[in-house]
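See below for data.cif, which holds mmCIF, C-alpha atoms.
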```cif
data_upload
#
loop_
_atom_site.label_atom_id
_atom_site.label_comp_id
_atom_site.auth_asym_id
_atom_site.auth_seq_id
_atom_site.Cartn_x
_atom_site.Cartn_y
_atom_site.Cartn_z
CA MET A 2 307.51 8.17 -88.15
CA THR A 3 306.43 6.32 -85.06
CA THR A 4 304.71 7.38 -81.86
CA ALA A 5 305.85 4.38 -79.81
CA PRO A 6 308.36 4.96 -76.99
CA PRO A 7 311.97 4.74 -78.21
CA ARG A 8 313.68 1.37 -77.95
CA PRO A 9 316.33 1.09 -75.21
CA ASP A 10 319.06 0.94 -77.86
CA SER A 11 317.69 3.85 -79.95
CA PRO A 12 320.11 6.72 -80.62
CA TYR A 13 317.13 9.05 -80.18
CA GLN A 14 316.06 8.90 -76.54
CA SER A 15 315.71 12.59 -75.76
CA TYR A 16 316.99 16.00 -76.85
CA VAL A 17 318.93 17.19 -73.79
CA TYR A 18 318.74 20.97 -74.03
CA ALA A 19 318.69 21.43 -70.25
CA TYR A 20 319.39 19.29 -67.21
CA PRO A 21 317.20 18.45 -65.49
CA HIS A 22 314.28 18.53 -67.92
CA LYS A 23 311.22 20.54 -66.92
CA THR A 24 309.27 17.30 -66.42
CA ALA A 25 311.45 16.76 -63.33
CA TYR A 26 310.24 20.04 -61.83
CA ARG A 27 307.61 19.92 -59.10
CA PRO A 28 305.58 22.53 -57.17
CA LEU A 29 307.63 24.15 -54.39
CA PRO A 30 305.41 24.12 -51.27
CA GLU A 31 307.63 26.64 -49.48
CA ARG A 32 307.47 29.10 -52.43
CA PRO A 33 310.96 30.50 -51.75
CA GLY A 34 311.45 34.21 -52.24
CA LEU A 35 313.54 35.26 -55.21
CA ARG A 36 315.72 37.59 -53.13
CA GLU A 37 316.62 34.61 -50.94
CA LEU A 38 317.33 32.41 -53.98
CA TRP A 39 319.63 34.95 -55.64
CA ALA A 40 321.48 35.99 -52.48
CA GLY A 41 325.14 35.13 -52.80
CA GLU A 42 324.86 34.11 -56.47
CA ALA A 43 327.39 35.47 -58.98
CA GLN A 44 325.56 38.25 -60.82
CA ASP A 45 328.26 39.95 -62.88
CA ALA A 46 327.49 38.03 -66.12
CA LEU A 47 323.86 36.89 -66.04
CA SER A 48 321.86 35.58 -68.98
CA LEU A 49 318.39 37.02 -69.66
CA TYR A 50 315.63 35.07 -71.42
CA LEU A 51 312.19 36.48 -72.29
CA HIS A 52 309.56 33.95 -73.34
CA ILE A 53 306.68 34.78 -75.70
CA PRO A 54 304.18 31.86 -75.69
CA PHE A 55 302.35 32.63 -78.93
CA CYS A 56 302.54 31.19 -82.47
CA GLU A 57 300.47 31.68 -85.59
CA VAL A 58 300.25 27.89 -85.98
CA ARG A 59 301.39 24.80 -84.07
CA CYS A 60 303.69 22.60 -86.13
CA GLY A 61 302.94 18.90 -86.05
CA PHE A 62 306.15 18.05 -84.16
CA CYS A 63 305.94 20.89 -81.63
CA ASN A 64 305.71 20.07 -77.93
CA LEU A 65 306.81 23.50 -76.75
CA PHE A 66 304.82 25.62 -74.36
CA THR A 67 302.91 27.82 -76.80
CA ARG A 68 299.41 29.02 -77.64
CA ILE A 69 298.08 29.33 -81.18
CA GLY A 70 296.76 32.83 -81.78
CA SER A 71 295.52 35.21 -79.12
CA PRO A 72 292.18 36.84 -78.43
CA GLU A 73 291.93 40.62 -78.54
CA GLY A 74 294.04 42.21 -75.84
CA LEU A 75 295.88 39.08 -74.66
CA THR A 76 299.33 40.03 -75.97
CA THR A 77 299.00 43.44 -74.28
CA ALA A 78 297.93 41.79 -71.02
CA TYR A 79 300.82 39.33 -71.32
CA LEU A 80 303.35 42.14 -71.77
CA ASP A 81 301.77 43.93 -68.80
CA ALA A 82 302.37 40.82 -66.68
CA LEU A 83 305.87 40.42 -68.08
CA GLU A 84 306.65 43.98 -67.03
CA ARG A 85 305.29 43.37 -63.52
CA GLN A 86 307.43 40.26 -63.30
CA ALA A 87 310.50 42.14 -64.51
CA VAL A 88 310.05 44.77 -61.79
CA ASP A 89 309.74 42.13 -59.06
CA VAL A 90 312.63 40.03 -60.36
CA ARG A 91 314.97 43.02 -60.70
CA THR A 92 314.40 43.94 -57.06
CA ALA A 93 315.51 40.42 -56.08
CA LEU A 94 318.86 40.85 -57.83
CA ASP A 95 321.86 42.77 -56.55
CA GLU A 96 322.00 46.44 -57.41
CA GLY A 97 325.13 45.81 -59.44
CA ALA A 98 323.79 42.80 -61.35
CA ARG A 99 324.85 42.80 -65.00
CA PHE A 100 323.68 40.86 -68.06
CA ALA A 101 326.13 39.38 -70.56
CA LEU A 102 323.63 37.63 -72.88
CA ALA A 103 319.98 38.00 -73.84
CA ALA A 104 317.52 35.98 -75.89
CA PHE A 105 313.85 36.19 -76.89
CA GLY A 106 312.26 32.79 -77.48
CA GLY A 107 308.93 31.06 -77.52
CA GLY A 108 306.61 30.28 -79.08
CA THR A 109 307.49 32.85 -81.67
CA PRO A 110 308.65 36.26 -80.38
CA THR A 111 307.94 37.81 -83.79
CA TYR A 112 304.29 36.90 -83.33
CA LEU A 113 304.26 40.24 -81.51
CA THR A 114 303.72 43.36 -83.61
CA ALA A 115 306.57 45.79 -84.25
CA ARG A 116 305.25 48.10 -81.53
CA GLU A 117 304.97 45.19 -79.09
CA LEU A 118 308.53 44.14 -79.89
CA GLU A 119 309.63 47.68 -79.02
CA ARG A 120 307.93 47.25 -75.66
CA LEU A 121 309.54 43.85 -75.15
CA CYS A 122 312.96 45.43 -75.67
CA ASP A 123 312.03 48.25 -73.30
CA ILE A 124 311.17 45.71 -70.60
CA ALA A 125 314.56 44.04 -71.04
CA GLU A 126 316.42 47.34 -70.97
CA ARG A 127 314.49 49.70 -68.70
CA ARG A 128 313.10 47.20 -66.21
CA MET A 129 315.89 44.60 -66.13
CA GLY A 130 318.85 46.83 -66.99
CA ALA A 131 320.14 44.78 -69.93
CA ASP A 132 321.96 46.89 -72.54
CA LEU A 133 320.73 45.09 -75.64
CA ARG A 134 323.01 47.04 -77.99
CA ALA A 135 326.10 46.09 -76.01
CA ILE A 136 325.53 42.36 -75.48
CA PRO A 137 324.66 39.43 -77.78
CA LEU A 138 320.88 39.25 -78.36
CA SER A 139 319.33 36.22 -80.08
CA VAL A 140 315.73 36.23 -81.35
CA GLU A 141 313.66 33.39 -82.83
CA ALA A 142 311.35 34.00 -85.79
CA SER A 143 309.15 32.19 -88.29
CA PRO A 144 308.95 32.98 -92.02
CA ALA A 145 305.40 34.34 -91.84
CA THR A 146 306.17 36.71 -88.96
CA ALA A 147 309.60 37.89 -90.14
CA THR A 148 308.08 41.03 -91.63
CA ALA A 149 310.11 44.09 -92.58
CA ASP A 150 308.73 46.30 -89.79
CA ARG A 151 309.41 43.69 -87.08
CA LEU A 152 312.93 43.02 -88.39
CA GLU A 153 313.63 46.75 -88.50
CA VAL A 154 312.78 47.04 -84.81
CA LEU A 155 314.90 44.06 -83.85
CA ALA A 156 317.90 45.26 -85.86
CA ALA A 157 317.67 48.77 -84.42
CA ARG A 158 317.46 47.45 -80.87
CA GLY A 159 320.66 45.45 -81.15
CA THR A 160 319.73 41.91 -82.25
CA THR A 161 322.92 40.11 -83.22
CA ARG A 162 321.43 36.71 -84.09
CA LEU A 163 318.15 35.98 -85.88
CA SER A 164 317.12 32.30 -85.87
CA LEU A 165 314.59 31.26 -88.51
CA GLY A 166 312.62 28.04 -88.17
CA VAL A 167 312.45 26.65 -91.71
CA GLN A 168 312.63 22.85 -91.12
CA SER A 169 312.45 22.00 -94.83
CA PHE A 170 312.71 23.82 -98.17
CA VAL A 171 310.59 21.07 -99.75
CA ASP A 172 306.92 22.03 -99.66
CA ALA A 173 305.71 18.42 -99.48
CA GLU A 174 307.93 17.77 -96.44
CA ALA A 175 306.73 20.95 -94.74
CA ARG A 176 303.16 19.73 -95.20
CA SER A 177 304.12 16.30 -93.86
CA ALA A 178 305.54 17.94 -90.71
CA VAL A 179 302.32 20.00 -90.45
CA ARG A 180 304.21 23.23 -91.02
CA PRO A 181 302.04 25.12 -93.49
CA GLN A 182 304.51 27.22 -95.45
CA LYS A 183 305.73 27.52 -99.03
CA ARG A 184 309.35 27.72 -100.07
CA ALA A 185 308.66 31.05 -101.75
CA GLU A 186 307.52 32.45 -98.40
CA VAL A 187 310.68 31.14 -96.73
CA GLU A 188 312.96 32.63 -99.38
CA ALA A 189 311.21 36.00 -99.12
CA ALA A 190 311.67 36.00 -95.35
CA LEU A 191 315.35 35.15 -95.71
CA ASP A 192 315.76 37.99 -98.18
CA ARG A 193 314.24 40.42 -95.67
CA ILE A 194 316.41 39.08 -92.85
CA ARG A 195 319.60 39.47 -94.87
CA ALA A 196 318.54 42.98 -95.90
CA ALA A 197 318.06 43.91 -92.23
CA GLY A 198 321.75 43.19 -91.63
CA PHE A 199 321.83 40.88 -88.61
CA PRO A 200 325.41 39.71 -87.99
CA VAL A 201 324.33 36.09 -87.55
CA LEU A 202 321.58 34.22 -89.38
CA ASN A 203 320.69 30.78 -88.09
CA ILE A 204 318.48 28.40 -90.06
CA ASP A 205 316.78 25.43 -88.36
CA LEU A 206 316.26 22.27 -90.43
CA ILE A 207 314.73 18.91 -89.48
CA TYR A 208 315.63 15.42 -90.73
CA GLY A 209 313.56 12.27 -90.39
CA ILE A 210 310.32 13.73 -91.84
CA ASP A 211 307.98 11.20 -93.40
CA GLY A 212 308.86 10.86 -97.08
CA GLN A 213 312.22 12.62 -96.73
CA SER A 214 315.07 11.02 -98.70
CA GLU A 215 318.80 11.63 -98.77
CA ALA A 216 318.35 13.56 -102.02
CA SER A 217 315.58 15.80 -100.63
CA TRP A 218 317.59 16.36 -97.44
CA LEU A 219 320.60 17.49 -99.46
CA HIS A 220 318.25 19.70 -101.48
CA SER A 221 317.12 21.47 -98.29
CA LEU A 222 320.69 21.79 -97.05
CA ASP A 223 321.85 23.35 -100.32
CA ALA A 224 318.86 25.70 -100.36
CA ALA A 225 319.86 26.87 -96.89
CA LEU A 226 323.56 27.12 -97.81
CA ALA A 227 322.67 29.43 -100.69
CA TRP A 228 321.97 32.09 -98.03
CA GLN A 229 325.39 31.50 -96.43
CA PRO A 230 323.99 31.31 -92.91
CA GLU A 231 326.50 31.82 -90.13
CA GLU A 232 324.83 28.96 -88.24
CA LEU A 233 322.73 25.92 -89.06
CA TYR A 234 320.88 23.70 -86.61
CA LEU A 235 320.04 20.19 -87.80
CA TYR A 236 317.34 18.62 -85.62
CA PRO A 237 316.26 14.99 -85.71
CA LEU A 238 312.48 14.75 -85.80
CA TYR A 239 310.83 13.59 -82.60
CA VAL A 240 307.16 12.70 -82.27
CA ARG A 241 306.05 13.51 -78.74
CA PRO A 242 302.76 12.82 -76.93
CA LEU A 243 299.97 15.36 -77.45
CA THR A 244 301.51 16.73 -80.66
CA GLY A 245 299.85 16.79 -84.06
CA LEU A 246 302.10 14.11 -85.53
CA ALA A 247 301.42 11.83 -82.57
CA ARG A 248 297.74 11.80 -83.53
CA ARG A 249 298.59 10.47 -86.99
CA GLY A 250 299.84 7.14 -85.71
CA GLU A 251 302.84 5.13 -86.84
CA GLN A 252 304.19 5.50 -90.38
CA GLU A 253 307.23 3.18 -90.14
CA SER A 254 308.87 0.93 -87.59
CA HIS A 255 311.00 2.54 -84.90
CA SER A 256 314.11 0.63 -86.01
CA ALA A 257 313.66 1.76 -89.62
CA TRP A 258 313.11 5.35 -88.51
CA ASP A 259 316.22 5.25 -86.30
CA THR A 260 318.28 3.94 -89.20
CA ARG A 261 316.95 6.62 -91.54
CA ARG A 262 317.50 9.47 -89.08
CA LEU A 263 321.05 8.35 -88.29
CA ALA A 264 321.89 8.09 -91.99
CA LEU A 265 320.44 11.55 -92.68
CA TYR A 266 322.38 13.00 -89.74
CA ARG A 267 325.65 11.66 -91.13
CA THR A 268 324.79 12.94 -94.61
CA GLY A 269 324.03 16.40 -93.25
CA ARG A 270 327.09 16.49 -91.00
CA ASP A 271 329.48 15.44 -93.76
CA HIS A 272 327.93 17.87 -96.23
CA LEU A 273 328.29 20.85 -93.90
CA LEU A 274 331.83 19.94 -92.89
CA ALA A 275 332.74 19.77 -96.59
CA GLN A 276 331.23 23.24 -97.04
CA GLY A 277 333.51 24.78 -94.40
CA TYR A 278 331.25 24.58 -91.37
CA GLN A 279 332.52 23.57 -87.93
CA GLN A 280 330.51 21.20 -85.77
CA VAL A 281 329.68 22.69 -82.37
CA SER A 282 327.36 19.93 -81.17
CA MET A 283 325.27 17.14 -82.64
CA ARG A 284 322.81 19.81 -83.79
CA MET A 285 324.77 23.03 -84.21
CA PHE A 286 327.12 23.93 -87.06
CA ARG A 287 328.89 27.27 -87.43
CA ARG A 288 330.45 28.63 -90.60
CA ALA A 289 334.20 28.99 -90.22
CA ALA A 290 335.29 32.52 -89.23
CA SER A 291 331.71 33.69 -88.67
CA PRO A 292 331.03 35.78 -85.55
CA GLN A 293 329.65 34.09 -82.46
CA ALA A 294 326.94 36.65 -81.88
CA GLY A 295 324.53 34.68 -79.72
CA ALA A 296 324.42 32.39 -76.74
CA SER A 297 325.91 29.01 -77.54
CA GLU A 298 324.21 25.80 -76.46
CA TYR A 299 326.65 25.63 -73.57
CA ALA A 300 326.40 29.27 -72.48
CA CYS A 301 322.62 29.31 -72.34
CA GLN A 302 322.61 26.48 -69.79
CA THR A 303 325.02 28.03 -67.29
CA ASP A 304 324.06 29.10 -63.80
CA GLY A 305 322.82 32.65 -63.60
CA MET A 306 319.90 32.47 -66.04
CA VAL A 307 317.06 34.92 -65.36
CA GLY A 308 313.90 33.91 -67.19
CA LEU A 309 310.82 36.10 -67.66
CA GLY A 310 307.50 34.80 -68.97
CA CYS A 311 305.33 31.82 -68.13
CA GLY A 312 307.43 29.34 -70.15
CA ALA A 313 310.86 30.59 -69.08
CA ARG A 314 313.27 28.84 -66.74
CA SER A 315 315.59 30.51 -64.26
CA TYR A 316 318.79 28.92 -62.97
CA THR A 317 320.62 29.56 -59.74
CA SER A 318 323.33 27.25 -58.46
CA ARG A 319 320.89 25.80 -55.90
CA LEU A 320 317.50 25.81 -57.66
CA HIS A 321 316.12 25.69 -61.18
CA TYR A 322 312.64 27.16 -61.28
CA SER A 323 309.85 28.13 -63.65
CA PHE A 324 306.06 28.00 -63.92
CA ASP A 325 303.90 24.99 -64.70
CA TYR A 326 304.48 23.22 -68.03
CA ALA A 327 302.00 21.80 -70.53
CA VAL A 328 301.56 20.94 -74.21
CA ASN A 329 297.79 20.44 -74.42
CA ALA A 330 296.13 23.59 -75.77
CA THR A 331 293.58 23.89 -72.97
CA GLU A 332 296.23 23.47 -70.27
CA VAL A 333 298.52 26.00 -71.96
CA ARG A 334 295.75 28.58 -72.16
CA GLY A 335 295.03 28.11 -68.47
CA ILE A 336 298.67 28.62 -67.47
CA ILE A 337 298.93 31.76 -69.63
CA ASP A 338 295.71 33.13 -68.13
CA ASP A 339 297.07 32.49 -64.62
CA PHE A 340 300.31 34.25 -65.50
CA VAL A 341 298.47 37.26 -66.92
CA ALA A 342 296.38 37.50 -63.73
CA THR A 343 299.40 37.32 -61.40
CA GLU A 344 300.27 40.48 -59.48
CA ASP A 345 303.07 39.17 -57.23
CA PHE A 346 306.12 37.58 -58.87
CA HIS A 347 308.41 37.59 -55.84
CA HIS A 348 308.37 33.80 -55.36
CA ALA A 349 309.45 30.63 -57.20
CA GLU A 350 306.49 28.32 -57.78
CA VAL A 351 307.79 25.19 -59.57
CA GLY A 352 311.33 23.87 -59.71
CA HIS A 353 314.06 21.37 -58.88
CA ARG A 354 316.67 21.62 -56.13
CA MET A 355 320.23 21.22 -57.41
CA SER A 356 321.57 19.30 -54.43
CA GLY A 357 323.95 16.38 -53.94
CA GLY A 358 325.68 15.35 -57.15
CA GLU A 359 323.26 17.14 -59.50
CA PRO A 360 325.58 20.12 -60.20
CA ARG A 361 328.32 17.69 -61.25
CA ARG A 362 325.94 15.81 -63.54
CA ARG A 363 324.72 19.02 -65.09
CA HIS A 364 328.25 20.27 -65.69
CA LEU A 365 329.18 16.96 -67.31
CA VAL A 366 326.04 16.78 -69.47
CA GLN A 367 326.24 20.32 -70.79
CA SER A 368 329.99 20.10 -71.44
CA LEU A 369 330.31 16.60 -72.86
CA LEU A 370 327.57 17.09 -75.46
CA GLN A 371 329.60 19.88 -77.06
CA ALA A 372 331.97 18.83 -79.83
CA GLU A 373 334.95 20.40 -78.07
CA GLY A 374 334.24 18.35 -74.94
CA MET A 375 335.17 19.24 -71.37
CA PRO A 376 338.63 20.22 -70.07
CA LEU A 377 339.39 17.88 -67.18
CA ALA A 378 341.20 20.69 -65.39
CA ASP A 379 338.00 22.78 -65.35
CA TYR A 380 336.04 19.97 -63.74
CA ARG A 381 338.78 19.35 -61.17
CA ALA A 382 338.98 23.07 -60.32
CA ARG A 383 335.24 23.31 -59.78
CA PHE A 384 334.54 20.04 -57.98
CA GLY A 385 337.90 18.84 -56.68
CA SER A 386 337.45 15.49 -58.37
CA THR A 387 337.45 13.82 -61.80
CA PRO A 388 334.60 12.60 -64.00
CA ALA A 389 336.10 9.10 -63.93
CA ALA A 390 335.88 9.05 -60.13
CA ASP A 391 332.36 10.53 -60.01
CA PHE A 392 330.81 8.66 -62.95
CA PRO A 393 332.78 5.42 -63.38
CA ALA A 394 329.90 3.24 -64.58
CA GLU A 395 328.55 5.73 -67.10
CA LEU A 396 331.92 6.55 -68.63
CA ALA A 397 332.91 2.88 -68.75
CA GLU A 398 329.74 2.24 -70.77
CA PHE A 399 330.59 5.13 -73.11
CA THR A 400 334.06 3.69 -73.60
CA ALA A 401 332.69 0.23 -74.33
CA ARG A 402 330.41 1.68 -77.00
CA GLY A 403 333.23 3.64 -78.62
CA TRP A 404 331.66 6.97 -77.74
CA LEU A 405 334.74 8.59 -76.15
CA ALA A 406 337.76 9.93 -77.99
CA ASP A 407 341.30 9.33 -76.76
CA ASP A 408 342.34 12.64 -75.18
CA ARG A 409 344.46 13.08 -72.05
CA ASP A 410 343.33 16.62 -71.23
CA ARG A 411 339.67 16.65 -72.22
CA LEU A 412 336.67 14.38 -72.00
CA VAL A 413 335.46 14.36 -75.60
CA LEU A 414 332.88 12.38 -77.50
CA SER A 415 334.11 10.54 -80.57
CA PRO A 416 332.31 11.26 -83.87
CA GLU A 417 330.14 8.19 -83.18
CA GLY A 418 329.51 9.37 -79.62
CA LEU A 419 328.47 12.80 -80.89
CA ALA A 420 326.07 11.10 -83.32
CA HIS A 421 324.52 9.36 -80.29
CA SER A 422 324.27 12.50 -78.13
CA ASP A 423 320.53 11.98 -77.63
CA ALA A 424 321.27 8.62 -76.03
CA ALA A 425 324.44 9.63 -74.18
CA GLY A 426 322.84 12.61 -72.45
CA PRO A 427 319.94 10.71 -70.85
CA MET A 428 322.35 8.00 -69.68
CA LEU A 429 323.94 10.64 -67.41
CA PHE A 430 320.67 11.57 -65.69
CA SER A 431 320.54 10.75 -61.99
CA PRO A 432 318.15 8.00 -60.85
CA GLU A 433 316.15 10.64 -58.94
CA VAL A 434 315.66 12.80 -62.04
CA GLN A 435 314.79 9.75 -64.14
CA ALA A 436 312.15 8.75 -61.60
CA LEU A 437 310.62 12.24 -61.57
CA MET A 438 310.51 12.39 -65.37
CA THR A 439 308.94 8.92 -65.57
CA ALA A 440 306.30 9.87 -63.01
CA TYR A 441 305.40 13.10 -64.79
CA GLU A 442 301.92 13.09 -66.33
CA ALA A 443 301.87 14.80 -69.72
CA LYS A 444 299.18 17.45 -69.98
#
```
Can I see the file as structure tokens?
Amino acid sequence: MTTAPPRPDSPYQSYVYAYPHKTAYRPLPERPGLRELWAGEAQDALSLYLHIPFCEVRCGFCNLFTRIGSPEGLTTAYLDALERQAVDVRTALDEGARFALAAFGGGTPTYLTARELERLCDIAERRMGADLRAIPLSVEASPATATADRLEVLAARGTTRLSLGVQSFVDAEARSAVRPQKRAEVEAALDRIRAAGFPVLNIDLIYGIDGQSEASWLHSLDAALAWQPEELYLYPLYVRPLTGLARRGEQESHSAWDTRRLALYRTGRDHLLAQGYQQVSMRMFRRAASPQAGASEYACQTDGMVGLGCGARSYTSRLHYSFDYAVNATEVRGIIDDFVATEDFHHAEVGHRMSGGEPRRRHLVQSLLQAEGMPLADYRARFGSTPAADFPAELAEFTARGWLADDRDRLVLSPEGLAHSDAAGPMLFSPEVQALMTAYEAK
């Protein structure tokens, strides 16, 4: 593993899970009111996301907004603030607003106790009006916190998809990634999850860990497949500033690491395809004929996202907004403390205006990085143009690299293009967003 910036030709530039990235957000001096922001927005099929910024431990690769542990009373105070925010946000939405998807993320939502998870569901249902038993609900968990009482609550309240962060079934690799867990603990958690009866089990795995070989990677994949998960996410390892792995220093050259990660990706992809899984994106694989019981990568990035919690984003067609973002433990604690102390949640504080060509770029990014690609007719209907006319230089470069498949009706990445999704996505960022991200000071 290496902590140096990626080379310009690296296939691993950045994981594009949202456009623009939060590092392009800036304080909004005018602090626009939420009612103003949501006025005129389509609200008949909103997505709801509740963020819980607590974990029992920070993994070595983690650069998410999360706090390790919580002093006495903090989780209660956080849920109090979350409920105040829910009340204020709901008043900004139309009376007839409806939610079509919901997700609890973090951090680790199952860090909360069973009783606190009941309250979290109550906030989503009673304060926001989301019928959790009638819509897909996805919840993230860790092996240590996937206890029987917590899982019982989540199953009873309508959770359709439980995502377990495993990363590796090899104990030595888990230690190398600074994820202190034993395989026996993981297997016990999976047994409890299957017993709880969630329609969809997702297992997260990581490739590119120091010391990981093709044989050990296949060992982890087969250990996961033994549980017949409906979904599997295969993540390339990234080492980001301010993370535990970044403090270790370089373990191998960047070129060698790139080569190893790309080889492991292809091994994992081919293995899952041979086992009857369908590729949804570079990272996501779904077992054939399994239910789609949670928000897909595409769906969770659509306009109409209502986020609650200090690490959550909200998306309207004109503005993406959130709270401040940090990775450093001291900075994270300060942001959480500020959130807990907030009484008025009627305004957007930090965000990015989606003006000019940004909506087109976002639509292209979030569509093209899916294995099924983007119907050209959909783009033309929404924007009255074509991707070739709007992004001639970028798509010409993709074609030259062999990243686009030959399809008259859809813009689709080739298998090689899909393998290079983490390079293709950033190449579609606007110069303005790139400048903002470059200028951002990590904290």
Record the distance separating CA of Met375 (chain A) and CA of Pro393 (chain A), expressed in Å with one decimal.
-> 16.1 Å
What residues come out when you apply the PyMOL selection byres ((chain A and resi 425) around 9) to this file, written as a list of chain:residue names?
->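 Against this file, the PyMOL selection byres ((chain A and resi 425) around 9) returns the residues A:Pro12, A:Gln14, A:Val366, A:Leu370, A:Phe399, A:Trp404, A:Gly418, A:Leu419, A:His421, A:Ser422, A:Asp423, A:Ala424, A:Gly426, A:Pro427, A:Met428, A:Leu429.
Across the structure, CA of Ser386 (chain A) and CA of Leu437 (chain A) are spaced 27.2 Å apart.
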By how many Å are CA of Met306 (chain A) and CA of Leu38 (chain A) apart?
-> 12.3 Å
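Here the PyMOL selection byres ((chain A and resi 237) around 8) matches the residues Ile207, Tyr208, Gly209, Leu235, Tyr236, Leu238, Tyr239, Arg262 and Tyr266 of chain A.
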Save out the residues we just selected, C-alpha atoms, as a tab-separated table (two decimals), in the frame of the given file.
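The resulting file, out_38.tsv, is reproduced below:
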```
chain	number	residue	atom	x	y	z
A	207	ILE	CA	314.73	18.91	-89.48
A	208	TYR	CA	315.63	15.42	-90.73
A	209	GLY	CA	313.56	12.27	-90.39
A	235	LEU	CA	320.04	20.19	-87.80
A	236	TYR	CA	317.34	18.62	-85.62
A	238	LEU	CA	312.48	14.75	-85.80
A	239	TYR	CA	310.83	13.59	-82.60
A	262	ARG	CA	317.50	9.47	-89.08
A	266	TYR	CA	322.38	13.00	-89.74
```
So which residues are close to (319.4, 41.0, -91.3), meaning at most 10 Å away in the file's coordinates with only C-alpha atoms counted, and can you show them as a PyMOL selection string?
-> chain A and resi 149+152-153+155-156+160-163+191-202
Go ahead and write the residues just picked, C-alpha atoms, as a tab-separated table (two decimals), keeping the file's coordinate frame.
```tsv
chain	number	residue	atom	x	y	z
A	149	ALA	CA	310.11	44.09	-92.58
A	152	LEU	CA	312.93	43.02	-88.39
A	153	GLU	CA	313.63	46.75	-88.50
A	155	LEU	CA	314.90	44.06	-83.85
A	156	ALA	CA	317.90	45.26	-85.86
A	160	THR	CA	319.73	41.91	-82.25
A	161	THR	CA	322.92	40.11	-83.22
A	162	ARG	CA	321.43	36.71	-84.09
A	163	LEU	CA	318.15	35.98	-85.88
A	191	LEU	CA	315.35	35.15	-95.71
A	192	ASP	CA	315.76	37.99	-98.18
A	193	ARG	CA	314.24	40.42	-95.67
A	194	ILE	CA	316.41	39.08	-92.85
A	195	ARG	CA	319.60	39.47	-94.87
A	196	ALA	CA	318.54	42.98	-95.90
A	197	ALA	CA	318.06	43.91	-92.23
A	198	GLY	CA	321.75	43.19	-91.63
A	199	PHE	CA	321.83	40.88	-88.61
A	200	PRO	CA	325.41	39.71	-87.99
A	201	VAL	CA	324.33	36.09	-87.55
A	202	LEU	CA	321.58	34.22	-89.38
```
Could you write out as a count of residues only the residues that the PyMOL selection byres ((chain A and resi 51) around 12) matches in the shown file?
-> 44
Out of A:Val281, A:Thr260, A:Ala115, A:Glu442, which residue has the shortest atom-to-atom distance to Ser368 (chain A) when counting all atoms listed in the file?
->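 Closest to Ser368 (chain A), using all atoms listed in the file: A:Val281.
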Mind checking which residues fall within 9 Å of Tyr112 (chain A), counting all atoms listed in the file, ignoring those fewer than 3 positions away in the same chain, and posting them as a ChimeraX atom specification?
-> /A:53,55-57,70,108-109,142-143,145-147
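In terms of minimum interatomic distance to Arg27 (chain A), A:Leu320 ranks closest within A:Leu320, A:Tyr380, A:Leu365, A:Phe346, counting all atoms listed in the file.
Distance check against Tyr13 (chain A) using only C-alpha atoms: of A:Ile69, A:Val341, A:Met283, A:Ala40, the minimum falls on A:Met283.
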